[in-house]
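J.: I'd like to ask you about the structure that follows.
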Amino acid sequence: MISNAMRDQLASGSLIRKMFEEGSRLKKLYGEENVFDFSIGNPDLEPPREVFDALADLAENPTPGMHGYMSNNGYESTRRVIADRMSVKSGLRISPDAVCMTVGAAAAMNDVLHSITDPGDEIIVLAPYFMEYNGYIANHNGKVVIVDTDKRFNPSVDKIREAVTPRTKAIIINSPNNPSGVIYPASFLKELNTMLNSMDHVIHVISDEPYIDLAYDGIKVPCTLQHIDNLIICFSWSKSLSLPGERIGYTLVSPLHEDYKELTAAIVISNRSLGSVNAPAIWQKVIERAIDAKVDVANYQHRRDLLYSNIIDAGFNAIKPCGALYIFMNTPQGMSDEEFSAACASHKLLLVSGAAFAKPGYARLAFCVSEQTIINSRKAFFAVAKDLGISHKTEL
């Protein structure tokens with residue numbers, strides 16, 4: 001018999017993964033060029049040249065013992081490169097001991113939550129949010145507390161304050177945000193820090209930052225380390241280097257954190273006890289050499305603009321995202337998420353319901369797909385609009 005908790009997870013599943021699997025099924029039936037799958041944030045851009053060069057050199061010129069165990073928090077040389085980079089970025093003095101190399105951001109989040117959460121502790125999340133947070137929090141017997149954002153997906157410190165209780169252990173922020181693409185301004189981060197510091201107990205801020213390098217239109221993403229004291233960063237190179245299958249990331253505890261010494265030690269123990277032991281050795285070494293590389297952000301901005309035009313020109317509504325890899329469009333008034341998803345699927349246009357992100361009335365579309373897919377999908381958006389009686393703004 002499996003556990004009751006796992007039975008509940010099997011029943012609910014992941015709407016994102018279900019749509020991804022449906023896309024795979026339809027592509028086999030109708031051909032990939034006839035299915036417009038915007039369901040999953042799986043970057044289709046190849047990693048930068050620096051990544052391949054580093055990997056090839058490491059394979060051809062291996063260092064003795066390179067593939068063996070290292071400290072559970074990762075190679076000191078890798079952590080130093082990251083610490084030095086973040087020191088320059090933040091203006092703080094970051095020690096390599098603040099960094100723990102992890103198996104992607106998911107493992108990083110679990111390491112952190114395992115280190116801070118007692119059964120029944122409350123973790124605040126800001127809707128819309130990546131729904132895997134629910135599973136991560138449940139893994140450590142925490143309780144999810146959802147705080148809604150406004151119509152432009154900006155959070156309110158006053159609403160967050162109202163949700164704080166004596167059991168509040170942490171708040172998760174994600175900027176640029178999945179699914180909305182909103183970038184939280186420095187003013188919000190400062191106000192949040194002031195409010196949390198006024199509480200009678202430490203409330204950790206867990207900043208999930210896999211999209212930190214993906215910002216558009218010349219917008220700069222505020223450095224959380226500059227504005228929040230009790231901060232723990234969870235980072236992954238899945239998006240910035242197009243390495244989602246390699247699972248390489250890190251945690252970083254701010255040197256200003258009240259529990260810095262205990263917390264950094266606890267995260268390392270969690271990394272071991274949760275089964276990761278250490279992050280992949282060769283990818284740590286690749287990161288050392290390719291730390292300043294980045295995918296073609298301008299390419300993503302171009303694809304964002306193409307997809308946004310498809311949505312708006314067909315007569316639908318959406319806020320153009322400032323970062324990340326998604327557009328979070330409004331569903332037509334009077335339609336449920338499920339009805340709209342079904343209407344789109346009838347034209348082989350696949351997206352993810354806003355309910356999957358605790359924000360009904362919207363749908364998420366990932367634009368990290370081929371440019372041709374976006375171009376070919378234009379006719380599908382217009383066809384869905386026609387079926388729903390929505391007048392478009394521009395001719396097909």
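Labels used: A, B, ... for chains in the order of the structure tokens, numbers from 1 for residues in each chain, and numbers from 1 for ligands as shown.
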Among the residues of range 122-345 of chain A, find those DSSP assigns to helix (DSSP H, G or I) from the backbone and print them as JSON, numbers by chain.

T.: {"A": [132, 133, 134, 135, 136, 137, 138, 139, 157, 158, 159, 160, 161, 162, 163, 186, 187, 188, 189, 190, 191, 192, 193, 194, 195, 196, 197, 224, 225, 226, 260, 261, 262, 263, 264, 265, 266, 267, 268, 269, 270, 271, 272, 273, 281, 282, 283, 284, 285, 286, 287, 288, 289, 290, 297, 298, 299, 300, 301, 302, 303, 304, 305, 306, 307, 308, 309, 310, 311, 312, 313, 337, 338, 339, 340, 341, 342, 343, 344, 345]}

J.: Against range 365-371 of chain A, which residues of range 36-113 of chain A fall within 10 Å? For each one I want the closest pair of atoms and the distance in Å (one decimal), counting only C-alpha atoms, rows by chain and increasing residue number, as a Markdown table.

T.:
```
| residue | atom | partner | partner_atom | distance |
| --- | --- | --- | --- | --- |
| A:Phe36 | CA | A:Val369 | CA | 9.2 |
| A:Asp37 | CA | A:Val369 | CA | 8.1 |
| A:Phe38 | CA | A:Ala366 | CA | 4.8 |
| A:Ser39 | CA | A:Leu365 | CA | 6.0 |
| A:Ile40 | CA | A:Ala366 | CA | 6.1 |
| A:Gly41 | CA | A:Ala366 | CA | 5.6 |
| A:Asn42 | CA | A:Cys368 | CA | 6.6 |
| A:Pro43 | CA | A:Cys368 | CA | 5.1 |
| A:Asp44 | CA | A:Val369 | CA | 5.7 |
| A:Leu45 | CA | A:Cys368 | CA | 7.6 |
```

J.: With C-alpha atoms kept, could you save the residues just selected as a short mmCIF file (atom, residue, chain, number, x, y, z; two decimals), in the first residue's frame?

T.:
```
data_model
loop_
_atom_site.label_atom_id
_atom_site.label_comp_id
_atom_site.auth_asym_id
_atom_site.auth_seq_id
_atom_site.Cartn_x
_atom_site.Cartn_y
_atom_site.Cartn_z
CA PHE A 36 1.11 24.01 -31.06
CA ASP A 37 2.31 22.91 -27.65
CA PHE A 38 2.96 25.80 -25.26
CA SER A 39 2.47 23.70 -22.14
CA ILE A 40 5.91 23.26 -20.60
CA GLY A 41 8.91 25.50 -20.01
CA ASN A 42 11.42 23.20 -21.68
CA PRO A 43 13.96 25.52 -23.37
CA ASP A 44 14.56 24.61 -27.00
CA LEU A 45 17.62 26.84 -27.41
#
```

J.: Please identify which residues in range 256-368 of chain A DSSP calls strand (DSSP E or B) from the backbone, and express them as a PyMOL selection string.

T.: chain A and resi 318+323+326-330+349-350+352-353+362-366

J.: Take the residues that were just selected and, keeping N, CA and C atoms, output them as a compact mmCIF listing (two decimals), in the first residue's frame.

T.:
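Written file, result_8.txt:
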```txt
# COMPACT_ATOMS: atom_id res chain seq x y z
N ALA A 318 -3.86 39.96 -22.57
CA ALA A 318 -2.72 39.49 -21.77
C ALA A 318 -1.83 40.68 -21.45
N GLY A 323 9.82 39.26 -18.00
CA GLY A 323 10.87 38.27 -17.86
C GLY A 323 10.32 36.87 -17.89
N TYR A 326 7.15 32.86 -20.15
CA TYR A 326 5.73 32.57 -20.24
C TYR A 326 4.90 33.83 -20.44
N ILE A 327 3.75 33.65 -21.11
CA ILE A 327 2.71 34.66 -21.14
C ILE A 327 1.51 34.09 -20.40
N PHE A 328 0.98 34.87 -19.48
CA PHE A 328 -0.17 34.45 -18.67
C PHE A 328 -1.38 35.23 -19.16
N MET A 329 -2.09 34.66 -20.13
CA MET A 329 -3.18 35.36 -20.79
C MET A 329 -4.50 35.20 -20.05
N ASN A 330 -5.38 36.18 -20.20
CA ASN A 330 -6.72 36.09 -19.63
C ASN A 330 -7.56 35.10 -20.42
N LEU A 349 -4.05 23.54 -30.00
CA LEU A 349 -3.34 24.61 -29.29
C LEU A 349 -3.36 24.27 -27.81
N LEU A 350 -2.20 23.94 -27.26
CA LEU A 350 -2.12 23.42 -25.90
C LEU A 350 -1.50 24.44 -24.96
N VAL A 352 -1.73 25.75 -20.43
CA VAL A 352 -1.98 25.24 -19.08
C VAL A 352 -2.92 26.17 -18.35
N SER A 353 -3.94 25.60 -17.74
CA SER A 353 -4.94 26.37 -17.01
C SER A 353 -4.32 27.17 -15.88
N TYR A 362 -7.05 32.49 -16.06
CA TYR A 362 -5.88 32.74 -16.90
C TYR A 362 -5.41 31.42 -17.50
N ALA A 363 -4.47 31.53 -18.43
CA ALA A 363 -3.83 30.36 -19.02
C ALA A 363 -2.38 30.70 -19.30
N ARG A 364 -1.49 29.75 -19.05
CA ARG A 364 -0.06 29.98 -19.27
C ARG A 364 0.40 29.36 -20.57
N LEU A 365 1.16 30.14 -21.33
CA LEU A 365 1.77 29.66 -22.56
C LEU A 365 3.28 29.90 -22.49
N ALA A 366 4.06 28.85 -22.73
CA ALA A 366 5.52 28.96 -22.73
C ALA A 366 6.00 29.33 -24.12
```

J.: Hey, can you check how far CA of Gly334 in chain A sits from CA of Lys151 in chain A?

T.: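 One can read the CA of Gly334 in chain A to CA of Lys151 in chain A distance as 17.3 Å.
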
J.: Compare A:Ser90, A:Asn278, A:Thr165, A:Asn73 by their minimum atom-to-atom distance to Glu122 in chain A, counting only C-alpha atoms, and give me the closest one.

T.: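 Counting only C-alpha atoms, the residue closest to Glu122 in chain A is A:Thr165.
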
J.: So that I can see what lies close to range 304-307 of chain A, please list as an NGL selection string the residues with an atom at most 8 Å from it, counting only C-alpha atoms and leaving out residues fewer than 3 positions away in the same chain.

T.: :A and (300-301 or 310-311 or 325-327 or 367 or 374-375)

J.: Quick one: everything within 9 Å of Ala83 in chain A, counting only C-alpha atoms, minus sequence neighbours fewer than 2 positions away in the same chain. Send it as number ranges by chain.

T.: A: 78-81, 85-88, 93-99, 252

J.: Export, as a CSV table (one decimal), in the first residue's frame, the selected residues with N, CA and C atoms.

T.:
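As written to disk, again.csv reads:
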```
chain,number,residue,atom,x,y,z
A,78,THR,N,34.2,25.7,-7.2
A,78,THR,CA,32.9,26.1,-7.8
A,78,THR,C,32.2,27.1,-7.0
A,79,ARG,N,32.1,26.8,-5.7
A,79,ARG,CA,31.4,27.6,-4.8
A,79,ARG,C,32.1,29.0,-4.7
A,80,ARG,N,33.4,29.0,-4.8
A,80,ARG,CA,34.1,30.3,-4.7
A,80,ARG,C,33.8,31.2,-6.0
A,81,VAL,N,33.7,30.5,-7.1
A,81,VAL,CA,33.4,31.3,-8.4
A,81,VAL,C,32.0,31.9,-8.2
A,85,ARG,N,31.1,36.0,-7.8
A,85,ARG,CA,30.2,36.6,-8.8
A,85,ARG,C,29.1,37.3,-8.0
A,86,MET,N,28.5,36.7,-7.0
A,86,MET,CA,27.4,37.2,-6.3
A,86,MET,C,27.9,38.4,-5.4
A,87,SER,N,29.1,38.3,-4.9
A,87,SER,CA,29.7,39.4,-4.2
A,87,SER,C,29.7,40.7,-5.0
A,88,VAL,N,30.2,40.6,-6.2
A,88,VAL,CA,30.3,41.7,-7.1
A,88,VAL,C,28.9,42.2,-7.4
A,93,ARG,N,29.9,40.8,1.0
A,93,ARG,CA,31.1,39.8,1.0
A,93,ARG,C,30.5,38.4,1.2
A,94,ILE,N,30.4,37.7,0.1
A,94,ILE,CA,29.8,36.3,0.1
A,94,ILE,C,31.0,35.3,0.2
A,95,SER,N,30.9,34.4,1.2
A,95,SER,CA,31.8,33.3,1.4
A,95,SER,C,31.4,32.1,0.6
A,96,PRO,N,32.4,31.3,0.1
A,96,PRO,CA,32.0,30.0,-0.5
A,96,PRO,C,31.1,29.2,0.4
A,97,ASP,N,31.3,29.3,1.7
A,97,ASP,CA,30.5,28.5,2.6
A,97,ASP,C,29.0,28.9,2.6
A,98,ALA,N,28.7,30.0,2.0
A,98,ALA,CA,27.3,30.4,1.9
A,98,ALA,C,26.6,29.6,0.9
A,99,VAL,N,27.4,28.9,0.0
A,99,VAL,CA,26.8,28.3,-1.2
A,99,VAL,C,26.8,26.8,-1.0
A,252,LEU,N,22.1,29.7,-1.7
A,252,LEU,CA,23.0,30.7,-1.2
A,252,LEU,C,22.3,31.4,0.0
```

J.: Separation of CA of Ser175 in chain A and CA of Gly361 in chain A, in Å?

T.: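 CA of Ser175 in chain A sits 21.3 Å away from CA of Gly361 in chain A.
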
J.: What's the 12 Å shell around Arg49 in chain A, counting only C-alpha atoms, without same-chain residues fewer than 4 positions away, as an NGL selection string?

T.: :A and (45 or 53-56 or 241-242 or 286 or 289-290 or 292-296)

J.: What does the distance from CA of Asp84 in chain A to CA of Cys322 in chain A come to in Å, to one decimal?

T.: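 Computing the Euclidean distance for CA of Asp84 in chain A and CA of Cys322 in chain A yields 27.4 Å.
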
J.: Point out the residue among A:Val221, A:Ala5, A:Met109, A:Val297 with the least atom-to-atom distance to Ile233 in chain A, counting only C-alpha atoms.

T.: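 Using only C-alpha atoms, Ile233 in chain A sits closest to A:Met109.
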